[in-house]
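**Student:** Pasting a structure below so you can have a look.
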Amino acid sequence: MKSAIFKSLLKRIFSSILVLILVVSLVFALIQFSPGKSSYKYISPKLSPEVVKSIMKDFKAEEGIFLRYVNFMQNFLTGNLGVSFNYRKPVLEIIFEFLPFTIFFGLVVFLIQLILSYLISYEIVRRKGSSLDKVIQKLTMSLYSTPIFLLALLLIYIFAYSLKLFPISGLSTFSFDKLVWYEKVLDILHHLFLPGLTLILALLPIYIRYFTSSIKQVLNSTFILNLKSLGAGNRVVFFKHLLPNSINPVLAVAGIDLGFLLSGSLIVEVIFGLPGMGRLSIQALLTNDYPLIIGCCLISGLLIILAGFISDLIRIANDKRLKLGLMN
Amino acid sequence: MKKKSFVLVLLFLLVIISCQDNDLPKKNIVVGISADIETLNPLFSFTQIEGNINELLFLSLVRYEWNSSTGSLDSYNMLADNVDWGEDSSSVTISIRDNIIWSDSTKLTVNDIIFSFELYADPEIQSRAVGTLNNFYFNDEGRIDVDRTFAKISDSEFVINFKPGAKPSTFDFDLPVLPKHVLDKLSSEELKHSTFNENPVTSGPFTLQNWQREQRIILKKNKDSFLVTDKTVDELIFKIVPDYNSSVLQLKSGELDLIEEVKSEDAEGLDNQRGISIGLIKGRSYDYIGWNLKNPKNLQEDHELFANLKIRKALTQALNIEEVLETYLYNYGDLSSGPISSIFVESFDSSRKPIERDIESVKSSLSGLGWQDSDNDGILEKDGNKFKFDLAVPTGNPLRKYAATIFANNLKSVGISANVEFLEMNTFVSGLFGYEYDAWMVGWSTPIPLDLKIQWYSDLDKSPFNFGNYSNIKVDSLIEVIDEGLSHEDKNIAYKKLNQLIYEDYPFTFLYWIDSIVAYNSRIKGIEINPLGVIHNCWKWGVE
């Protein structure tokens, strides 16, 4: 059994690498065929024709798409993603400047919203038909139909601009370097409250829907009724039986959502001026910074695969029957 | 009970978190910018904001001020103490200030200046100035011939010798000076990726305190600089705020002190807000519709529609440009009558007015050229061909989207079908450099000092921005005459003539000069808004 799992694990890792190579190759091909050149942004009326020509020449790639692809793959497989045109630094170095924030922010927001949505869903199911249920249903529908940028602007207007409780944008205050460690933590939390709330409120309605239906299904199943009839306490039923069984179906979707969240939440990052992968990726795209675009796509792909893998591991831990199937 | 405690703890935490304050020194100014810069090295500062910030960190020999009465630049000494032109202007002797110290406490000398010129002109480095220092002597490798160009007299005095036939000016030596002792150890390749690009050794009125990518750049007053006074702000902070709405709210709430590129629809509201002032940078950029005079499919052939001057004029006369100026720009701009704006006072012909909309004249002109709507479908025809064309417009600019729709309707009313095609900016620019469009609508920023050659000279190798294949012998010869050097008065006359010739050829339909609107907190004192920008000489700014 153990060797079968090991084999499945190896298979999964191999297929993941293959997917990543495919993703990167596809992005490479798309870039080659897309119009526009990265040199254009360096060209302004102030520059002499000689400079314009030399810039365009400097940015001209070597001839032949096949040769370019071979060179690119050679570099890629040796871990060299090239140097960003914008930052004039190795791509990986830049990505590692932005990635920690995205991972921290994405994970924290995702965990909070998962816990919140589960608790709210549980209360809704418990108090089905009550006024709380009705209010939450209406609220989640309203939130679901509100575009995230509007939600962000509304929250900024109320909490930052009118009530002046939180800053409008940025990750820290200007005097951040002078603060002691706990002040730094509080400062970052202070700045991340509104963006975090925006993302949580945007994701909450969807997960409340998922969890409500899942909890209902588990609560109505015969084994729960049996447990209750045998006198099992509410706490035991909730933690040992309801929770593991009701989160499993949602975790499959959550894995994909987490992957996207870890690749950067562009709108929130732009509106709140946060230094995340979403902003880095879009800037690379808009300025045709090819090495950085490929680097961002690679990391996004990697995180999506990784998040899916982690969610599968959690599901396996919850339900041993899934072991071989999910590994494959 | 447990629930109550939980809520109380949560509230407590919220209060603590919310009570964090900016804790800023009192004398600072926060400027909102929409995107982060890429480098602090003047060698590679291609964008305007990079240039502006670099000017605060690095001294140049001379600098410029905008003279609004003449509409031109006046130079003044910065690092230079004295600039003494030789009799025939073939050389200039420059002595520099004696008390300039780099931020690492090394003294700035003439060696730094000569080294800087070498770097700027080095073809391997590809700096922003490579190819522009044409009046210096160069060797066969394309590098500055230092021995022939420079003669060092002492650590604080040197001579620049210009090559024969050159028409030198202060523009030949106005580049920011770089520290030799830091950069001369680096190869050209190392220089491109050096830590100096992010954490430079500087000499200007401000030094770099902190640059946090995609967050902020904090500059600190350099107390040793001869430029700063007690009034100079302690810190100048450039805060990166990518979202426009967020930056407006931050200006209103006091988190930002200054923002640029305010939308015209917001200007009045901000102007009425207590504590906020509005300033205008006029006459720097205009929008236009370009007409390709050559057939995009075969550039050897004339364009079947736009090669005809009468058609270009008729198209211009058909447009209701004023409507866009009033309804979208709220009159934050002026109608354009050529490539030279009114800010260039002495080069601008104020008697020349933009052509007025005249539908009847358009109809009779087109009819005279044989364009008739014989099948009554609302579109003119001639020799079986309909009068229709594609108008390429880049996406991402709501004004142009709005204007394109209005202009297409204007043209339709005279029987011309303009199919507006919105293209992603990179795609659009790619097509523009490939002369692929029949017609296009985009904007242009006028360089200071004026330079019409890059856009209007017929030799496309020398005018990379002549996207419409415009060619006029008279325009060419005037540009050449200006290039060769003219007296101040003659140059102004030549520019007036050039503007007239270009406008009356209608290679573009010049639409409007768009005011760049700046909004700032009224506590900033000494702010000077002119065509050179806002963040210019801002060591003179103070706060109340």
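To be explicit about the labels: the chains of the structure tokens are called A, B, and onward in the order shown, and within each one the residues are counted from 1, while ligands get numbers from 1 in the order they are shown.
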So that each row is one residue of chain B with an atom at most 8 Å from chain A, can you give its shortest atom pair and the distance in Å to one decimal, using only C-alpha atoms, rows by chain and rising number, as a tab-separated table?

**Tutor:**
```
residue	atom	partner	partner_atom	distance
B:Ile16	CA	A:Leu186	CA	7.9
B:Ile17	CA	A:His190	CA	5.0
B:Ser18	CA	A:Leu165	CA	5.3
B:Cys19	CA	A:Leu165	CA	7.5
B:Gln20	CA	A:Asp187	CA	6.4
B:Asp21	CA	A:Thr173	CA	7.8
B:Asn22	CA	A:Thr173	CA	5.5
B:Asp23	CA	A:Ser175	CA	6.6
B:Leu24	CA	A:Ser175	CA	6.6
B:Glu38	CA	A:Tyr87	CA	5.5
B:Thr39	CA	A:Tyr87	CA	7.3
B:Phe46	CA	A:Tyr42	CA	5.9
B:Thr47	CA	A:Tyr42	CA	7.5
B:Gln126	CA	A:Ile55	CA	7.3
B:Arg128	CA	A:Val51	CA	7.5
B:Ala129	CA	A:Val51	CA	7.4
B:Val130	CA	A:Val51	CA	6.1
B:Gly131	CA	A:Glu50	CA	5.6
B:Thr132	CA	A:Ser48	CA	6.2
B:Lys192	CA	A:Arg88	CA	6.6
B:His193	CA	A:Arg88	CA	5.5
B:Arg213	CA	A:Pro275	CA	7.4
B:Glu214	CA	A:Pro275	CA	5.5
B:Gln215	CA	A:Gly170	CA	6.2
B:Ile240	CA	A:Gly273	CA	6.9
B:Val241	CA	A:Gly273	CA	5.5
B:Pro242	CA	A:Val270	CA	5.6
B:Asp243	CA	A:Ile271	CA	5.1
B:Ser246	CA	A:Ile271	CA	6.5
B:Leu249	CA	A:Tyr161	CA	6.9
B:Gln250	CA	A:Ile168	CA	6.6
B:Ser253	CA	A:Tyr161	CA	6.2
B:Asn426	CA	A:Gly36	CA	4.4
B:Thr427	CA	A:Pro35	CA	5.0
B:Phe428	CA	A:Gly36	CA	7.7
B:Val429	CA	A:Gly36	CA	6.6
B:Ser430	CA	A:Gly36	CA	4.9
B:Ser445	CA	A:Pro45	CA	7.3
B:Thr446	CA	A:Pro45	CA	7.4
B:Pro447	CA	A:Lys46	CA	5.8
B:Ile448	CA	A:Lys46	CA	7.9
B:Ile454	CA	A:Pro49	CA	7.1
B:Asp461	CA	A:Pro49	CA	7.1
B:Lys462	CA	A:Pro49	CA	5.6
B:Ser463	CA	A:Pro49	CA	6.6
B:Pro464	CA	A:Pro49	CA	6.1
B:Phe465	CA	A:Pro45	CA	7.9
```

**Student:** Mind writing the picked residues with C-alpha atoms as an mmCIF file, in the first residue's frame?

**Tutor:**
```
data_model
loop_
_atom_site.group_PDB
_atom_site.id
_atom_site.type_symbol
_atom_site.label_atom_id
_atom_site.label_comp_id
_atom_site.auth_asym_id
_atom_site.auth_seq_id
_atom_site.Cartn_x
_atom_site.Cartn_y
_atom_site.Cartn_z
ATOM 1 C CA ILE B 16 -5.615 49.286 19.252
ATOM 2 C CA ILE B 17 -5.137 48.622 15.582
ATOM 3 C CA SER B 18 -7.164 51.653 14.590
ATOM 4 C CA CYS B 19 -5.307 53.931 16.928
ATOM 5 C CA GLN B 20 -2.038 53.530 15.041
ATOM 6 C CA ASP B 21 -0.985 56.872 13.719
ATOM 7 C CA ASN B 22 1.268 57.983 10.931
ATOM 8 C CA ASP B 23 3.599 59.645 13.417
ATOM 9 C CA LEU B 24 5.135 61.806 10.712
ATOM 10 C CA GLU B 38 12.292 51.533 -11.935
ATOM 11 C CA THR B 39 15.599 53.100 -11.041
ATOM 12 C CA PHE B 46 13.703 57.213 -18.995
ATOM 13 C CA THR B 47 10.393 58.293 -17.486
ATOM 14 C CA GLN B 126 22.678 52.470 -23.379
ATOM 15 C CA ARG B 128 19.133 57.775 -21.733
ATOM 16 C CA ALA B 129 21.610 60.233 -23.237
ATOM 17 C CA VAL B 130 23.516 57.951 -25.559
ATOM 18 C CA GLY B 131 23.595 59.516 -29.022
ATOM 19 C CA THR B 132 22.631 62.962 -27.781
ATOM 20 C CA LYS B 192 22.958 47.969 -15.316
ATOM 21 C CA HIS B 193 22.197 45.704 -12.352
ATOM 22 C CA ARG B 213 9.069 48.911 -3.849
ATOM 23 C CA GLU B 214 5.475 49.624 -4.855
ATOM 24 C CA GLN B 215 4.955 51.521 -1.587
ATOM 25 C CA ILE B 240 2.641 54.940 -4.863
ATOM 26 C CA VAL B 241 -1.133 54.919 -5.216
ATOM 27 C CA PRO B 242 -2.106 52.955 -8.320
ATOM 28 C CA ASP B 243 -5.839 53.616 -8.054
ATOM 29 C CA SER B 246 -8.073 56.198 -3.953
ATOM 30 C CA LEU B 249 -9.788 60.377 -1.494
ATOM 31 C CA GLN B 250 -6.325 60.454 0.078
ATOM 32 C CA SER B 253 -8.396 63.141 3.710
ATOM 33 C CA ASN B 426 0.994 47.723 -27.133
ATOM 34 C CA THR B 427 -0.812 46.503 -30.235
ATOM 35 C CA PHE B 428 -1.614 50.078 -31.185
ATOM 36 C CA VAL B 429 1.962 51.330 -30.783
ATOM 37 C CA SER B 430 3.269 48.373 -32.740
ATOM 38 C CA SER B 445 3.729 65.633 -25.606
ATOM 39 C CA THR B 446 5.737 68.528 -26.946
ATOM 40 C CA PRO B 447 9.394 68.312 -25.984
ATOM 41 C CA ILE B 448 11.015 71.265 -24.231
ATOM 42 C CA ILE B 454 11.497 64.053 -34.749
ATOM 43 C CA ASP B 461 15.335 57.690 -40.176
ATOM 44 C CA LYS B 462 15.690 61.096 -38.559
ATOM 45 C CA SER B 463 12.056 61.469 -37.551
ATOM 46 C CA PRO B 464 11.043 58.211 -35.894
ATOM 47 C CA PHE B 465 7.686 59.654 -34.866
#
```

**Student:** Contacts of Ser15 of chain A at 12 Å or less, counting only C-alpha atoms, minus same-chain residues fewer than 5 places along, as a PyMOL selection string?

**Tutor:** chain A and resi 8-10+20-22+305+309+327-328

**Student:** Select from segment 6-162 of chain A everything DSSP, run on the backbone, classes as alpha helix (DSSP H), then give the selection as a ChimeraX atom specification.

**Tutor:** /A:6-33,49-58,65-77,91-126,131-144,148-155

**Student:** Find, counting only C-alpha atoms, the residue in B:Leu227, B:Leu319, B:Leu486, B:Leu299 that gets nearest to Gly434 of chain B.

**Tutor:**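 Checking each of B:Leu227, B:Leu319, B:Leu486, B:Leu299 against Gly434 of chain B, counting only C-alpha atoms, the winner is B:Leu299.
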
**Student:** Residues within 12 Å of Glu141 of chain B, please, as number ranges by chain. Count only C-alpha atoms; anything in the same chain fewer than 4 positions from it doesn't count.

**Tutor:** B: 121-124, 137, 145

**Student:** Kindly save the residues from that selection, with N, CA, C and O atoms included, as a CSV table (one decimal), in the first residue's frame.

**Tutor:**
```csv
chain,number,residue,atom,x,y,z
B,121,ALA,N,27.6,58.6,-22.5
B,121,ALA,CA,27.8,58.4,-24.0
B,121,ALA,C,28.3,57.0,-24.3
B,121,ALA,O,28.4,56.7,-25.5
B,122,ASP,N,28.5,56.2,-23.3
B,122,ASP,CA,29.0,54.9,-23.6
B,122,ASP,C,28.0,54.0,-24.3
B,122,ASP,O,26.9,53.8,-23.8
B,123,PRO,N,28.3,53.6,-25.5
B,123,PRO,CA,27.3,52.8,-26.3
B,123,PRO,C,26.9,51.5,-25.7
B,123,PRO,O,25.8,51.0,-25.9
B,124,GLU,N,27.8,51.0,-24.8
B,124,GLU,CA,27.5,49.7,-24.2
B,124,GLU,C,26.5,49.8,-23.0
B,124,GLU,O,25.8,48.9,-22.7
B,137,TYR,N,33.8,65.3,-29.1
B,137,TYR,CA,34.7,64.5,-29.9
B,137,TYR,C,34.5,63.0,-29.5
B,137,TYR,O,34.4,62.7,-28.3
B,145,ASP,N,36.0,60.9,-26.9
B,145,ASP,CA,37.4,61.1,-26.9
B,145,ASP,C,37.7,62.1,-25.8
B,145,ASP,O,37.6,63.3,-25.9
```

**Student:** Which residue, B:Asn397, B:Ser225, B:Asn161, B:Ser477, has the smallest gap to Ile101 of chain B when you use only C-alpha atoms?

**Tutor:**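 Using only C-alpha atoms, Ile101 of chain B sits closest to B:Ser225.
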
**Student:** Env of segment 127-141 of chain A: 10 Å cut, atoms = only C-alpha atoms, seq-sep filter 4 positions within chain, self excluded. Answer as a ChimeraX atom specification.

**Tutor:** /A:120-123,145-146,201-209

**Student:** Which of these residues is nearest to Asn245 of chain A, using only C-alpha atoms: A:Ile304, A:Leu116, A:Ile224, A:Ile65?

**Tutor:**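 For Asn245 of chain A, the nearest of the candidates is A:Ile224.
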
**Student:** Run DSSP on the backbone and grab whatever in segment 289-327 of chain B lands in strand (DSSP E or B); send it over as a VMD selection string.

**Tutor:** chain B and resid 289 to 291 294 to 295 298 to 302

**Student:** Those residues you just picked out, can you put them in a file as a PDB file, in the first residue's frame with N, CA, C and O atoms?

**Tutor:**
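What follows is the written file out_33.pdb:
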```
ATOM      1  N   ILE B 289      -5.840  63.546 -34.557  1.00  0.00           N
ATOM      2  CA  ILE B 289      -6.131  62.419 -35.443  1.00  0.00           C
ATOM      3  C   ILE B 289      -5.079  62.481 -36.542  1.00  0.00           C
ATOM      4  O   ILE B 289      -4.924  63.506 -37.209  1.00  0.00           O
ATOM      5  N   GLY B 290      -4.341  61.415 -36.695  1.00  0.00           N
ATOM      6  CA  GLY B 290      -3.300  61.384 -37.725  1.00  0.00           C
ATOM      7  C   GLY B 290      -3.836  60.740 -38.987  1.00  0.00           C
ATOM      8  O   GLY B 290      -4.618  59.785 -38.936  1.00  0.00           O
ATOM      9  N   TRP B 291      -3.456  61.315 -40.118  1.00  0.00           N
ATOM     10  CA  TRP B 291      -3.876  60.760 -41.409  1.00  0.00           C
ATOM     11  C   TRP B 291      -2.637  60.206 -42.095  1.00  0.00           C
ATOM     12  O   TRP B 291      -1.649  60.931 -42.259  1.00  0.00           O
ATOM     13  N   LYS B 294       0.418  57.838 -46.857  1.00  0.00           N
ATOM     14  CA  LYS B 294       0.803  56.718 -47.728  1.00  0.00           C
ATOM     15  C   LYS B 294      -0.146  55.548 -47.514  1.00  0.00           C
ATOM     16  O   LYS B 294      -0.760  55.415 -46.450  1.00  0.00           O
ATOM     17  N   ASN B 295      -0.200  54.702 -48.506  1.00  0.00           N
ATOM     18  CA  ASN B 295      -1.050  53.518 -48.409  1.00  0.00           C
ATOM     19  C   ASN B 295      -0.401  52.524 -47.437  1.00  0.00           C
ATOM     20  O   ASN B 295       0.712  52.060 -47.702  1.00  0.00           O
ATOM     21  N   ASN B 298       1.037  49.494 -49.043  1.00  0.00           N
ATOM     22  CA  ASN B 298       2.204  49.703 -49.905  1.00  0.00           C
ATOM     23  C   ASN B 298       2.684  51.137 -49.705  1.00  0.00           C
ATOM     24  O   ASN B 298       2.120  52.079 -50.269  1.00  0.00           O
ATOM     25  N   LEU B 299       3.722  51.281 -48.898  1.00  0.00           N
ATOM     26  CA  LEU B 299       4.144  52.628 -48.500  1.00  0.00           C
ATOM     27  C   LEU B 299       4.765  53.440 -49.645  1.00  0.00           C
ATOM     28  O   LEU B 299       5.030  54.631 -49.480  1.00  0.00           O
ATOM     29  N   GLN B 300       4.959  52.787 -50.784  1.00  0.00           N
ATOM     30  CA  GLN B 300       5.466  53.536 -51.944  1.00  0.00           C
ATOM     31  C   GLN B 300       4.333  54.324 -52.608  1.00  0.00           C
ATOM     32  O   GLN B 300       4.570  55.279 -53.335  1.00  0.00           O
ATOM     33  N   GLU B 301       3.110  53.880 -52.353  1.00  0.00           N
ATOM     34  CA  GLU B 301       1.952  54.529 -52.992  1.00  0.00           C
ATOM     35  C   GLU B 301       1.335  55.570 -52.068  1.00  0.00           C
ATOM     36  O   GLU B 301       1.377  55.417 -50.848  1.00  0.00           O
ATOM     37  N   ASP B 302       0.709  56.598 -52.689  1.00  0.00           N
ATOM     38  CA  ASP B 302      -0.029  57.574 -51.880  1.00  0.00           C
ATOM     39  C   ASP B 302      -1.322  56.946 -51.369  1.00  0.00           C
ATOM     40  O   ASP B 302      -1.875  56.044 -52.010  1.00  0.00           O
TER      41      ASP B 302
END
```

**Student:** Report, in Å to a single decimal, how far apart atom CA of Phe239 of chain A and atom CA of Asn318 of chain A are.

**Tutor:**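 According to the coordinates, atom CA of Asn318 of chain A and atom CA of Phe239 of chain A are separated by 11.8 Å.
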
**Student:** Skipping near chain neighbours, those fewer than 4 positions away, what residues fall within 12 Å of Glu360 of chain B using only C-alpha atoms, listed as number ranges by chain?

**Tutor:** B: 314, 317-318, 356, 364-367, 413-414

**Student:** Have a look at atom CA of Pro100 of chain A and atom CA of Ile282 of chain A and let me know their distance in Å, one decimal.

**Tutor:** 17.7 Å

**Student:** For the contact check between segment 305-410 of chain B and segment 259-273 of chain B, emit one row per residue of segment 305-410 of chain B within 8 Å, containing the shortest atom pair and the distance in Å rounded to one decimal, counting only C-alpha atoms, chain then rising number order, as a Markdown table.

**Tutor:**
```
| residue | atom | partner | partner_atom | distance |
| --- | --- | --- | --- | --- |
| B:Tyr328 | CA | B:Ser264 | CA | 7.6 |
| B:Leu329 | CA | B:Ser264 | CA | 5.5 |
| B:Tyr330 | CA | B:Ser264 | CA | 6.3 |
| B:Tyr332 | CA | B:Ser264 | CA | 6.5 |
```

**Student:** Check the smallest atom-to-atom distance from each of B:Trp211, B:Phe58, B:Phe510, B:Tyr503 to Asp174 of chain B using only C-alpha atoms, then report the winner.

**Tutor:**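 Among the listed residues, the smallest separation from Asp174 of chain B belongs to B:Phe58.
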